[in-house]
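Next comes final.pdb, a file with PDB, C-alpha atoms.
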```
ATOM      1  CA  MET A  69       8.609 -19.961  -4.751
ATOM      2  CA  ASP A  70       8.221 -23.491  -6.171
ATOM      3  CA  GLY A  71       7.137 -23.640  -9.758
ATOM      4  CA  ARG A  72       7.867 -19.939 -10.276
ATOM      5  CA  SER A  73      10.025 -18.805 -13.143
ATOM      6  CA  GLY A  74      13.262 -16.840 -13.163
ATOM      7  CA  CYS A  75      11.690 -14.111 -15.322
ATOM      8  CA  ALA A  76      13.017 -10.647 -14.428
ATOM      9  CA  ILE A  77       9.571  -9.145 -13.896
ATOM     10  CA  ASN A  78       8.414 -12.128 -11.864
ATOM     11  CA  LEU A  79      11.485 -12.055  -9.606
ATOM     12  CA  SER A  80      10.970  -8.340  -8.990
ATOM     13  CA  ILE A  81       7.346  -8.912  -8.073
ATOM     14  CA  GLU A  82       8.340 -11.799  -5.780
ATOM     15  CA  VAL A  83      10.729  -9.552  -3.878
ATOM     16  CA  LEU A  84       8.486  -6.476  -3.778
ATOM     17  CA  GLY A  85       5.244  -8.369  -4.100
ATOM     18  CA  ASP A  86       3.447  -7.672  -0.885
ATOM     19  CA  ARG A  87       2.229  -4.116  -0.847
ATOM     20  CA  TRP A  88       3.518  -3.273   2.599
ATOM     21  CA  SER A  89       7.131  -3.711   1.575
ATOM     22  CA  MET A  90       6.691  -1.124  -1.177
ATOM     23  CA  ILE A  91       4.827   1.240   1.167
ATOM     24  CA  ILE A  92       7.622   1.063   3.749
ATOM     25  CA  LEU A  93      10.256   1.757   1.083
ATOM     26  CA  ARG A  94       8.139   4.707  -0.103
ATOM     27  CA  ASP A  95       7.993   6.090   3.463
ATOM     28  CA  ILE A  96      11.753   5.783   4.005
ATOM     29  CA  MET A  97      12.475   7.236   0.547
ATOM     30  CA  PHE A  98       9.998  10.141   0.330
ATOM     31  CA  GLY A  99       9.161  10.733   4.004
ATOM     32  CA  ASN A 100      12.723  10.244   5.231
ATOM     33  CA  PHE A 101      11.332   8.236   8.168
ATOM     34  CA  ARG A 102      14.332   6.348   9.480
ATOM     35  CA  SER A 103      13.316   4.711  12.782
ATOM     36  CA  TYR A 104      10.759   2.017  13.562
ATOM     37  CA  ARG A 105       8.838   4.571  15.629
ATOM     38  CA  GLU A 106       8.731   7.165  12.828
ATOM     39  CA  LEU A 107       7.652   4.551  10.307
ATOM     40  CA  LEU A 108       4.887   3.413  12.647
ATOM     41  CA  THR A 109       3.521   6.768  13.790
ATOM     42  CA  HIS A 110       3.830   8.687  10.506
ATOM     43  CA  SER A 111       2.379   5.900   8.348
ATOM     44  CA  LEU A 112      -0.432   7.333   6.225
ATOM     45  CA  GLU A 113      -1.743   3.808   5.772
ATOM     46  CA  GLY A 114      -1.958   2.903   9.460
ATOM     47  CA  ILE A 115       0.454  -0.035   9.323
ATOM     48  CA  ALA A 116       0.182  -2.487  12.238
ATOM     49  CA  THR A 117       3.205  -3.063  14.489
ATOM     50  CA  ASN A 118       3.556  -6.759  13.687
ATOM     51  CA  ILE A 119       3.357  -6.154   9.939
ATOM     52  CA  LEU A 120       5.904  -3.334  10.097
ATOM     53  CA  ALA A 121       8.345  -5.468  12.084
ATOM     54  CA  ALA A 122       7.945  -8.472   9.766
ATOM     55  CA  ARG A 123       8.297  -6.412   6.578
ATOM     56  CA  LEU A 124      11.371  -4.594   7.841
ATOM     57  CA  LYS A 125      12.966  -8.009   8.498
ATOM     58  CA  HIS A 126      12.001  -9.085   4.952
ATOM     59  CA  LEU A 127      13.430  -5.883   3.458
ATOM     60  CA  GLU A 128      16.647  -6.365   5.412
ATOM     61  CA  ALA A 129      16.924 -10.017   4.302
ATOM     62  CA  GLU A 130      16.461  -8.937   0.672
ATOM     63  CA  GLY A 131      19.173  -6.293   0.949
ATOM     64  CA  LEU A 132      16.718  -3.426   0.484
ATOM     65  CA  VAL A 133      17.367  -1.796   3.858
ATOM     66  CA  THR A 134      20.182  -1.918   6.397
ATOM     67  CA  ILE A 135      19.872  -1.235  10.093
ATOM     68  CA  ALA A 136      22.463   0.461  12.307
ATOM     69  CA  ALA A 137      22.759   2.460  15.522
ATOM     70  CA  ASP A 138      21.925   6.144  15.034
ATOM     71  CA  PRO A 139      25.207   8.072  15.422
ATOM     72  CA  GLN A 140      23.242  10.772  17.313
ATOM     73  CA  HIS A 141      21.343   8.506  19.738
ATOM     74  CA  LYS A 142      23.154   5.245  20.319
ATOM     75  CA  GLN A 143      20.077   3.453  21.673
ATOM     76  CA  ARG A 144      18.051   4.249  18.573
ATOM     77  CA  LYS A 145      18.324   2.106  15.457
ATOM     78  CA  ILE A 146      17.933   3.753  12.089
ATOM     79  CA  TYR A 147      17.080   2.163   8.774
ATOM     80  CA  SER A 148      18.874   3.111   5.581
ATOM     81  CA  LEU A 149      18.136   2.423   1.943
ATOM     82  CA  THR A 150      20.705   0.496  -0.123
ATOM     83  CA  GLU A 151      21.812   0.947  -3.723
ATOM     84  CA  LYS A 152      19.339  -1.833  -4.565
ATOM     85  CA  SER A 153      16.341   0.007  -3.102
ATOM     86  CA  ILE A 154      17.504   3.461  -4.255
ATOM     87  CA  ALA A 155      17.481   1.989  -7.781
ATOM     88  CA  LEU A 156      13.704   1.549  -7.374
ATOM     89  CA  VAL A 157      13.154   5.309  -7.781
ATOM     90  CA  PRO A 158      12.237   4.977 -11.500
ATOM     91  CA  VAL A 159       9.819   2.126 -10.695
ATOM     92  CA  LEU A 160       8.076   4.155  -7.979
ATOM     93  CA  ALA A 161       8.090   7.280 -10.171
ATOM     94  CA  GLN A 162       6.380   5.399 -13.019
ATOM     95  CA  LEU A 163       3.959   3.754 -10.605
ATOM     96  CA  GLY A 164       3.044   7.138  -9.129
ATOM     97  CA  ALA A 165       2.633   8.677 -12.587
ATOM     98  CA  TRP A 166       0.279   5.859 -13.545
ATOM     99  CA  GLY A 167      -1.709   6.313 -10.327
ATOM    100  CA  VAL A 168      -2.050  10.065 -10.902
ATOM    101  CA  ARG A 169      -3.351   9.426 -14.413
ATOM    102  CA  PHE A 170      -5.795   6.626 -13.713
ATOM    103  CA  LEU A 171      -6.700   6.378 -10.035
ATOM    104  CA  SER A 172      -7.811   9.855  -8.874
ATOM    105  CA  PRO A 173      -5.566  10.201  -5.847
ATOM    106  CA  ALA A 174      -6.230  12.916  -3.250
ATOM    107  CA  PRO A 175      -4.850  16.191  -4.740
ATOM    108  CA  GLU A 176      -2.443  16.911  -1.883
ATOM    109  CA  LEU A 177      -1.107  13.362  -2.117
ATOM    110  CA  ALA A 178      -0.877  13.373  -5.910
ATOM    111  CA  VAL A 179       1.254  16.460  -6.270
ATOM    112  CA  ARG A 180       4.588  14.845  -5.395
ATOM    113  CA  ALA A 181       3.969  11.964  -7.780
ATOM    114  CA  ARG A 182       3.056  14.468 -10.503
ATOM    115  CA  VAL A 183       6.167  16.590  -9.937
ATOM    116  CA  LEU A 184       8.357  13.477  -9.970
ATOM    117  CA  ALA A 185       6.734  12.199 -13.172
ATOM    118  CA  GLU A 186       7.100  15.553 -14.915
ATOM    119  CA  GLY A 187      10.725  15.840 -13.790
ATOM    120  CA  GLY A 188      11.502  12.672 -15.748
ATOM    121  CA  PRO A 189      14.740  10.643 -15.713
ATOM    122  CA  ASP A 190      16.967  13.684 -14.999
ATOM    123  CA  MET A 191      15.090  14.420 -11.789
ATOM    124  CA  TRP A 192      15.095  10.730 -10.822
ATOM    125  CA  GLU A 193      18.890  10.614 -11.221
ATOM    126  CA  ASP A 194      19.275  13.694  -9.024
ATOM    127  CA  PHE A 195      16.919  12.170  -6.463
ATOM    128  CA  MET A 196      18.903   8.918  -6.431
ATOM    129  CA  ASP A 197      22.122  10.904  -5.854
ATOM    130  CA  GLU A 198      20.430  12.726  -3.001
ATOM    131  CA  LEU A 199      19.296   9.409  -1.489
ATOM    132  CA  ARG A 200      22.841   8.023  -1.877
ATOM    133  CA  GLU A 201      24.076  11.008   0.113
ATOM    134  CA  ILE A 202      21.451  10.607   2.870
ATOM    135  CA  HIS A 203      21.488   6.820   3.146
ATOM    136  CA  LEU A 204      24.908   5.709   1.911
ATOM    137  CA  GLY A 205      26.980   8.737   2.951
ATOM    138  CA  ILE A 206      28.153   9.467  -0.596
ATOM    139  CA  ALA A 207      28.677  13.231  -0.427
ATOM    140  CA  ARG A 208      27.661  15.551  -3.239
ATOM    141  CA  PRO A 209      29.066  18.982  -4.099
ATOM    142  CA  ALA A 210      27.767  21.795  -1.873
ATOM    143  CA  GLY A 211      24.606  23.347  -3.288
ATOM    144  CA  SER A 212      23.456  20.173  -5.068
ATOM    145  CA  ARG A 213      19.783  19.994  -5.930
ATOM    146  CA  SER A 214      17.434  18.647  -3.241
ATOM    147  CA  VAL A 215      14.582  16.822  -4.930
ATOM    148  CA  LEU A 216      13.151  15.982  -1.476
ATOM    149  CA  ALA A 217      12.883  19.737  -0.749
ATOM    150  CA  GLU A 218      11.294  20.360  -4.160
ATOM    151  CA  LEU A 219       8.707  17.651  -3.521
ATOM    152  CA  GLN A 220       7.997  18.994  -0.038
ATOM    153  CA  ASP A 221       7.601  22.559  -1.387
ATOM    154  CA  ALA A 222       5.175  21.332  -4.039
ATOM    155  CA  TYR A 223       3.204  19.479  -1.365
ATOM    156  CA  LEU A 224       3.000  22.537   0.918
ATOM    157  CA  ALA A 225       2.002  24.784  -1.991
ATOM    158  CA  GLU A 226      -0.797  22.360  -2.850
ATOM    159  CA  LEU A 227      -1.987  22.317   0.792
ATOM    160  CA  GLN A 228      -2.090  26.139   0.772
ATOM    161  CA  LYS A 229      -4.056  26.122  -2.464
ATOM    162  CA  ILE A 230      -6.588  23.696  -0.979
ATOM    163  CA  GLU A 231      -6.828  25.793   2.186
ATOM    164  CA  ALA A 232      -7.309  29.004   0.163
ATOM    165  CA  ALA A 233     -10.032  27.328  -1.918
ATOM    166  CA  ARG A 234     -11.819  26.229   1.257
ATOM    167  CA  LYS A 235     -11.784  29.755   2.648
ATOM    168  CA  ALA A 236     -12.947  31.347  -0.603
TER     169      ALA A 236
ATOM    170  CA  MET B  69      -9.008  -0.453   2.270
ATOM    171  CA  ASP B  70      -9.935   1.299   5.556
ATOM    172  CA  GLY B  71      -7.311   3.583   6.952
ATOM    173  CA  ARG B  72      -5.368   3.618   3.683
ATOM    174  CA  SER B  73      -4.392   6.900   2.094
ATOM    175  CA  GLY B  74      -5.196   8.337  -1.303
ATOM    176  CA  CYS B  75      -1.481   8.616  -2.169
ATOM    177  CA  ALA B  76      -0.817   7.931  -5.841
ATOM    178  CA  ILE B  77       1.773   5.234  -5.180
ATOM    179  CA  ASN B  78      -0.388   3.591  -2.543
ATOM    180  CA  LEU B  79      -3.457   3.506  -4.789
ATOM    181  CA  SER B  80      -1.405   1.944  -7.579
ATOM    182  CA  ILE B  81      -0.099  -0.710  -5.228
ATOM    183  CA  GLU B  82      -3.632  -1.348  -3.936
ATOM    184  CA  VAL B  83      -4.862  -2.000  -7.466
ATOM    185  CA  LEU B  84      -1.849  -4.000  -8.645
ATOM    186  CA  GLY B  85      -0.802  -5.184  -5.222
ATOM    187  CA  ASP B  86      -1.175  -8.901  -5.380
ATOM    188  CA  ARG B  87       1.535 -10.375  -7.518
ATOM    189  CA  TRP B  88      -0.724 -12.568  -9.605
ATOM    190  CA  SER B  89      -2.548  -9.613 -11.113
ATOM    191  CA  MET B  90       0.746  -8.217 -12.393
ATOM    192  CA  ILE B  91       1.857 -11.634 -13.668
ATOM    193  CA  ILE B  92      -1.391 -12.080 -15.624
ATOM    194  CA  LEU B  93      -1.034  -8.615 -17.171
ATOM    195  CA  ARG B  94       2.555  -9.493 -18.082
ATOM    196  CA  ASP B  95       1.385 -12.708 -19.791
ATOM    197  CA  ILE B  96      -1.332 -10.946 -21.800
ATOM    198  CA  MET B  97       1.038  -8.103 -22.700
ATOM    199  CA  PHE B  98       4.272  -9.929 -23.564
ATOM    200  CA  GLY B  99       3.013 -13.464 -24.274
ATOM    201  CA  ASN B 100      -0.094 -12.317 -26.141
ATOM    202  CA  PHE B 101      -2.084 -15.018 -24.307
ATOM    203  CA  ARG B 102      -5.682 -13.984 -24.765
ATOM    204  CA  SER B 103      -7.889 -16.837 -23.511
ATOM    205  CA  TYR B 104      -8.329 -18.337 -20.050
ATOM    206  CA  ARG B 105      -6.920 -21.606 -21.397
ATOM    207  CA  GLU B 106      -3.793 -19.986 -22.863
ATOM    208  CA  LEU B 107      -3.199 -18.038 -19.680
ATOM    209  CA  LEU B 108      -3.523 -21.219 -17.636
ATOM    210  CA  THR B 109      -1.471 -23.620 -19.734
ATOM    211  CA  HIS B 110       1.309 -21.233 -20.818
ATOM    212  CA  SER B 111       1.832 -19.737 -17.357
ATOM    213  CA  LEU B 112       5.527 -19.942 -16.490
ATOM    214  CA  GLU B 113       4.593 -19.564 -12.852
ATOM    215  CA  GLY B 114       2.114 -22.447 -12.689
ATOM    216  CA  ILE B 115      -0.897 -20.364 -11.720
ATOM    217  CA  ALA B 116      -3.804 -22.312 -10.155
ATOM    218  CA  THR B 117      -7.221 -22.272 -11.873
ATOM    219  CA  ASN B 118      -9.067 -20.638  -8.964
ATOM    220  CA  ILE B 119      -6.452 -17.897  -8.604
ATOM    221  CA  LEU B 120      -6.461 -17.194 -12.340
ATOM    222  CA  ALA B 121     -10.272 -16.929 -12.426
ATOM    223  CA  ALA B 122     -10.401 -14.675  -9.357
ATOM    224  CA  ARG B 123      -7.628 -12.384 -10.577
ATOM    225  CA  LEU B 124      -9.155 -12.030 -14.045
ATOM    226  CA  LYS B 125     -12.391 -10.905 -12.360
ATOM    227  CA  HIS B 126     -10.412  -8.424 -10.262
ATOM    228  CA  LEU B 127      -8.604  -7.098 -13.349
ATOM    229  CA  GLU B 128     -11.900  -6.734 -15.181
ATOM    230  CA  ALA B 129     -13.494  -4.921 -12.206
ATOM    231  CA  GLU B 130     -10.532  -2.521 -12.104
ATOM    232  CA  GLY B 131     -10.818  -1.769 -15.820
ATOM    233  CA  LEU B 132      -7.461  -3.381 -16.604
ATOM    234  CA  VAL B 133      -8.857  -6.069 -18.935
ATOM    235  CA  THR B 134     -12.047  -6.463 -20.936
ATOM    236  CA  ILE B 135     -13.612  -9.740 -22.002
ATOM    237  CA  ALA B 136     -15.448 -10.393 -25.266
ATOM    238  CA  ALA B 137     -16.349 -13.213 -27.658
ATOM    239  CA  ASP B 138     -13.484 -14.088 -30.008
ATOM    240  CA  PRO B 139     -14.546 -12.944 -33.512
ATOM    241  CA  GLN B 140     -12.944 -16.129 -34.910
ATOM    242  CA  HIS B 141     -14.481 -18.653 -32.480
ATOM    243  CA  LYS B 142     -17.744 -17.407 -31.044
ATOM    244  CA  GLN B 143     -17.720 -19.830 -28.105
ATOM    245  CA  ARG B 144     -14.313 -18.689 -26.993
ATOM    246  CA  LYS B 145     -13.866 -15.589 -24.808
ATOM    247  CA  ILE B 146     -10.772 -13.480 -25.249
ATOM    248  CA  TYR B 147      -9.257 -10.989 -22.872
ATOM    249  CA  SER B 148      -7.974  -7.624 -24.035
ATOM    250  CA  LEU B 149      -5.846  -4.992 -22.370
ATOM    251  CA  THR B 150      -7.281  -1.487 -21.889
ATOM    252  CA  GLU B 151      -5.609   1.919 -22.185
ATOM    253  CA  LYS B 152      -5.246   1.782 -18.399
ATOM    254  CA  SER B 153      -3.255  -1.469 -18.450
ATOM    255  CA  ILE B 154      -1.340  -0.616 -21.642
ATOM    256  CA  ALA B 155      -0.144   2.490 -19.779
ATOM    257  CA  LEU B 156       1.621   0.121 -17.341
ATOM    258  CA  VAL B 157       4.311  -0.667 -19.954
ATOM    259  CA  PRO B 158       6.797   1.859 -18.446
ATOM    260  CA  VAL B 159       6.158   0.450 -14.945
ATOM    261  CA  LEU B 160       6.802  -3.131 -16.101
ATOM    262  CA  ALA B 161       9.808  -2.036 -18.169
ATOM    263  CA  GLN B 162      11.389  -0.322 -15.140
ATOM    264  CA  LEU B 163      10.519  -3.275 -12.914
ATOM    265  CA  GLY B 164      12.137  -5.692 -15.381
ATOM    266  CA  ALA B 165      15.223  -3.485 -15.693
ATOM    267  CA  TRP B 166      15.574  -3.462 -11.918
ATOM    268  CA  GLY B 167      15.176  -7.245 -11.773
ATOM    269  CA  VAL B 168      17.828  -7.768 -14.451
ATOM    270  CA  ARG B 169      20.262  -5.600 -12.520
ATOM    271  CA  PHE B 170      19.724  -6.928  -9.003
ATOM    272  CA  LEU B 171      18.028 -10.328  -8.985
ATOM    273  CA  SER B 172      19.982 -12.605 -11.370
ATOM    274  CA  PRO B 173      17.119 -13.829 -13.540
ATOM    275  CA  ALA B 174      17.575 -16.849 -15.816
ATOM    276  CA  PRO B 175      19.461 -15.569 -18.921
ATOM    277  CA  GLU B 176      16.805 -16.631 -21.438
ATOM    278  CA  LEU B 177      14.129 -14.947 -19.329
ATOM    279  CA  ALA B 178      16.179 -11.795 -18.731
ATOM    280  CA  VAL B 179      16.852 -10.957 -22.356
ATOM    281  CA  ARG B 180      13.460  -9.433 -23.132
ATOM    282  CA  ALA B 181      13.549  -7.257 -20.010
ATOM    283  CA  ARG B 182      17.063  -6.135 -20.963
ATOM    284  CA  VAL B 183      16.085  -5.287 -24.558
ATOM    285  CA  LEU B 184      13.043  -3.359 -23.319
ATOM    286  CA  ALA B 185      15.113  -1.451 -20.737
ATOM    287  CA  GLU B 186      17.784  -0.566 -23.301
ATOM    288  CA  GLY B 187      15.136   0.509 -25.808
ATOM    289  CA  GLY B 188      14.009   3.198 -23.349
ATOM    290  CA  PRO B 189      10.928   5.428 -23.591
ATOM    291  CA  ASP B 190      10.913   5.468 -27.434
ATOM    292  CA  MET B 191      10.593   1.693 -27.564
ATOM    293  CA  TRP B 192       7.948   1.720 -24.797
ATOM    294  CA  GLU B 193       5.867   4.207 -26.801
ATOM    295  CA  ASP B 194       6.120   2.007 -29.903
ATOM    296  CA  PHE B 195       5.206  -1.031 -27.829
ATOM    297  CA  MET B 196       2.154   0.732 -26.383
ATOM    298  CA  ASP B 197       1.049   1.689 -29.908
ATOM    299  CA  GLU B 198       1.440  -1.949 -30.958
ATOM    300  CA  LEU B 199      -0.631  -3.078 -27.948
ATOM    301  CA  ARG B 200      -3.295  -0.473 -28.784
ATOM    302  CA  GLU B 201      -3.474  -1.998 -32.264
ATOM    303  CA  ILE B 202      -3.720  -5.585 -30.971
ATOM    304  CA  HIS B 203      -6.045  -4.978 -28.023
ATOM    305  CA  LEU B 204      -8.005  -1.832 -28.860
ATOM    306  CA  GLY B 205      -8.117  -2.141 -32.659
ATOM    307  CA  ILE B 206      -6.376   1.191 -33.220
ATOM    308  CA  ALA B 207      -4.653   0.534 -36.573
ATOM    309  CA  ARG B 208      -1.132   1.728 -37.282
ATOM    310  CA  PRO B 209       0.479   2.495 -40.663
ATOM    311  CA  ALA B 210       1.549  -0.617 -42.584
ATOM    312  CA  GLY B 211       5.114  -1.619 -41.760
ATOM    313  CA  SER B 212       5.024  -0.170 -38.219
ATOM    314  CA  ARG B 213       7.577  -1.518 -35.798
ATOM    315  CA  SER B 214       6.707  -4.713 -33.902
ATOM    316  CA  VAL B 215       8.335  -4.576 -30.497
ATOM    317  CA  LEU B 216       6.746  -7.955 -29.677
ATOM    318  CA  ALA B 217       8.601  -9.483 -32.654
ATOM    319  CA  GLU B 218      11.854  -7.802 -31.598
ATOM    320  CA  LEU B 219      11.504  -9.193 -28.080
ATOM    321  CA  GLN B 220      10.696 -12.645 -29.417
ATOM    322  CA  ASP B 221      13.716 -12.559 -31.783
ATOM    323  CA  ALA B 222      15.982 -11.541 -28.906
ATOM    324  CA  TYR B 223      14.586 -14.409 -26.807
ATOM    325  CA  LEU B 224      15.136 -16.998 -29.577
ATOM    326  CA  ALA B 225      18.668 -15.695 -30.247
ATOM    327  CA  GLU B 226      19.441 -16.090 -26.536
ATOM    328  CA  LEU B 227      18.068 -19.655 -26.531
ATOM    329  CA  GLN B 228      20.301 -20.510 -29.511
ATOM    330  CA  LYS B 229      23.321 -19.020 -27.756
ATOM    331  CA  ILE B 230      22.608 -21.126 -24.659
ATOM    332  CA  GLU B 231      22.116 -24.237 -26.810
ATOM    333  CA  ALA B 232      25.386 -23.561 -28.704
ATOM    334  CA  ALA B 233      27.256 -23.101 -25.416
ATOM    335  CA  ARG B 234      25.880 -26.399 -24.119
ATOM    336  CA  LYS B 235      27.064 -28.258 -27.238
ATOM    337  CA  ALA B 236      30.510 -26.654 -27.213
TER     338      ALA B 236
END
```

Would you put the structure from the file into structure tokens?
Amino acid sequence: MDGRSGCAINLSIEVLGDRWSMIILRDIMFGNFRSYRELLTHSLEGIATNILAARLKHLEAEGLVTIAADPQHKQRKIYSLTEKSIALVPVLAQLGAWGVRFLSPAPELAVRARVLAEGGPDMWEDFMDELREIHLGIARPAGSRSVLAELQDAYLAELQKIEAARKA
Amino acid sequence: MDGRSGCAINLSIEVLGDRWSMIILRDIMFGNFRSYRELLTHSLEGIATNILAARLKHLEAEGLVTIAADPQHKQRKIYSLTEKSIALVPVLAQLGAWGVRFLSPAPELAVRARVLAEGGPDMWEDFMDELREIHLGIARPAGSRSVLAELQDAYLAELQKIEAARKA
């Protein structure tokens, strides 16, 4: 960190700078993977065990995740997002929108980023409220919008479309 | 890149993943540093010559900067942003806004990120149009808004405030 400035963009990049930290936050946020085992086995990017363990420690030290015993299985630890990492939703939404536009992602993996980009700030606010409910226990009124379900539905619809095109 | 997914967020992080690439784009975008020498000597983060050279090559290979002879000094090469990197303005704006809120940046280095965050999508669009004029030669009507000048004014006003507080 020596010789680095206190610029807001630079500090953000310092904290989030290595790509694995961002990927892990993405997986907790969008995949709702909460345990070390889920994060390891469901990782689309094939993260290595030592990297996952080190980055989770980094994320915890930076206040981006917390770790606690799972109320349902006392031996299992679960990771939760914090207000600080939930507030990254607009950053990840803009990053995904940029990737969809310029980097030709796989169609079934682009659809959630596209839906989130098109939903705009209103959808991001609803998603952050949903994440606050899941990760921070801040309840919402019954029947509140589930952006996670909307993203999952869009993903499954895209998979079906790809499957139908393959059969045709 | 083996074993990595084609997810839109992941691809974006792959391309922008190392922090120096983002810092160099920030310096070209907000500092209007256009030559290797300017980027090296004005770097707030003290970037090393070999890292700067390697990252500029990476940015060029990814289509995020172009390099050409300066029309004013034929021996000098200048770097320009592309539509692909100009489209990162909303990502950097959101990243700066997050940094201002959670990471306690130095006040004089936070003010531009704060102004850009408060300006919202309208200001980002105007800023992208200004960057398209500077870097891509796409002229705007005379008297168009200069977001760069607004950010610079806000920065100088903040410096004066800090100076006044020190004297008081």

_If we count all atoms listed in the file and set the cut-off at 6 Å, which residues sit around region 198-214 of chain A, ignoring sequence neighbours fewer than 2 positions away in its own chain? Please answer as a VMD selection string._
chain A and resid 148 to 149 195 to 196 216 to 217

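Take the PyMOL selection byres ((chain A and resi 171-185) around 7) and apply it to this file: it picks Ala161, Gln162, Gly164, Ala165, Gly167, Val168, Arg169, Phe170, Glu186, Gly187, Gly188, Leu219, Ala222, Tyr223, Glu226 and Leu227 of chain A; Gly74, Cys75, Ala76 and Leu79 of chain B.
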
*Quick one: apply the PyMOL selection byres ((chain A and resi 127) around 10) to the file and drop the selected residues here as an NGL selection string.*
:A and (83-84 or 89-90 or 92-93 or 122-126 or 128-134 or 149 or 153)

*Taking all atoms listed in the file into account, which of A:Glu113, A:Glu231, A:Glu106, A:Asp95 comes nearest chain B?*
A:Glu113

*the PyMOL selection byres ((chain B and resi 105) around 12) on the file shown: which residues, as an NGL selection string?*
:B and (101-104 or 106-111 or 115-117 or 120-121 or 144-147)

Centre and edge lengths, as AutoDock Vina command-line options, for the axis-aligned box enclosing every listed atom of region 220-226 of chain A with 6 Å of padding on each of the six sides, in Å to one decimal?
```
--center_x 3.6 --center_y 21.9 --center_z -1.6 --size_x 20.8 --size_y 17.8 --size_z 17.0
```

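Restricting the calculation to only C-alpha atoms, the smallest distance between chain A and any of B:Leu224, B:Met97, B:Lys142, B:Ala155 is found for B:Ala155.
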
*From the list B:Ala137, B:Ile96, B:Val215, B:Ile77, which residue is nearest chain A when using all atoms listed in the file?*
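Checking each of B:Ala137, B:Ile96, B:Val215, B:Ile77 against chain A, counting all atoms listed in the file, the winner is B:Ile77.
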
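A straight line drawn from CA of Glu193 (chain A) to CA of Ile154 (chain A) is 10.1 Å long.
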
_What's the separation between CA of Val159 (chain B) and CA of Trp192 (chain B), in Å to one decimal place?_
10.1 Å

*Interatomic distance between CA of Glu82 (chain B) and CA of Asp190 (chain B)?*
28.5 Å

Could I get region 195-209 of chain A rebuilt with N, CA and C atoms, written as a short mmCIF file (atom, residue, chain, number, x, y, z; two decimals), keeping the file's coordinate frame?
```
data_model
loop_
_atom_site.label_atom_id
_atom_site.label_comp_id
_atom_site.auth_asym_id
_atom_site.auth_seq_id
_atom_site.Cartn_x
_atom_site.Cartn_y
_atom_site.Cartn_z
N PHE A 195 17.52 12.68 -7.70
CA PHE A 195 16.92 12.17 -6.46
C PHE A 195 17.71 10.96 -5.96
N MET A 196 18.11 10.09 -6.86
CA MET A 196 18.90 8.92 -6.43
C MET A 196 20.24 9.36 -5.85
N ASP A 197 20.87 10.39 -6.43
CA ASP A 197 22.12 10.90 -5.85
C ASP A 197 21.89 11.49 -4.47
N GLU A 198 20.75 12.18 -4.32
CA GLU A 198 20.43 12.73 -3.00
C GLU A 198 20.21 11.60 -1.98
N LEU A 199 19.52 10.55 -2.39
CA LEU A 199 19.30 9.41 -1.49
C LEU A 199 20.61 8.69 -1.17
N ARG A 200 21.52 8.63 -2.15
CA ARG A 200 22.84 8.02 -1.88
C ARG A 200 23.60 8.84 -0.84
N GLU A 201 23.42 10.16 -0.88
CA GLU A 201 24.08 11.01 0.11
C GLU A 201 23.47 10.76 1.50
N ILE A 202 22.13 10.76 1.58
CA ILE A 202 21.45 10.61 2.87
C ILE A 202 21.68 9.22 3.46
N HIS A 203 21.54 8.19 2.62
CA HIS A 203 21.49 6.82 3.15
C HIS A 203 22.82 6.08 3.06
N LEU A 204 23.65 6.43 2.10
CA LEU A 204 24.91 5.71 1.91
C LEU A 204 26.11 6.57 2.25
N GLY A 205 25.87 7.86 2.57
CA GLY A 205 26.98 8.74 2.95
C GLY A 205 27.88 9.15 1.80
N ILE A 206 27.35 9.06 0.57
CA ILE A 206 28.15 9.47 -0.60
C ILE A 206 27.91 10.96 -0.83
N ALA A 207 28.87 11.77 -0.41
CA ALA A 207 28.68 13.23 -0.43
C ALA A 207 28.55 13.76 -1.85
N ARG A 208 27.78 14.84 -1.96
CA ARG A 208 27.66 15.55 -3.24
C ARG A 208 28.26 16.95 -3.09
N PRO A 209 28.54 17.61 -4.20
CA PRO A 209 29.07 18.98 -4.10
C PRO A 209 28.09 19.87 -3.32
#
```
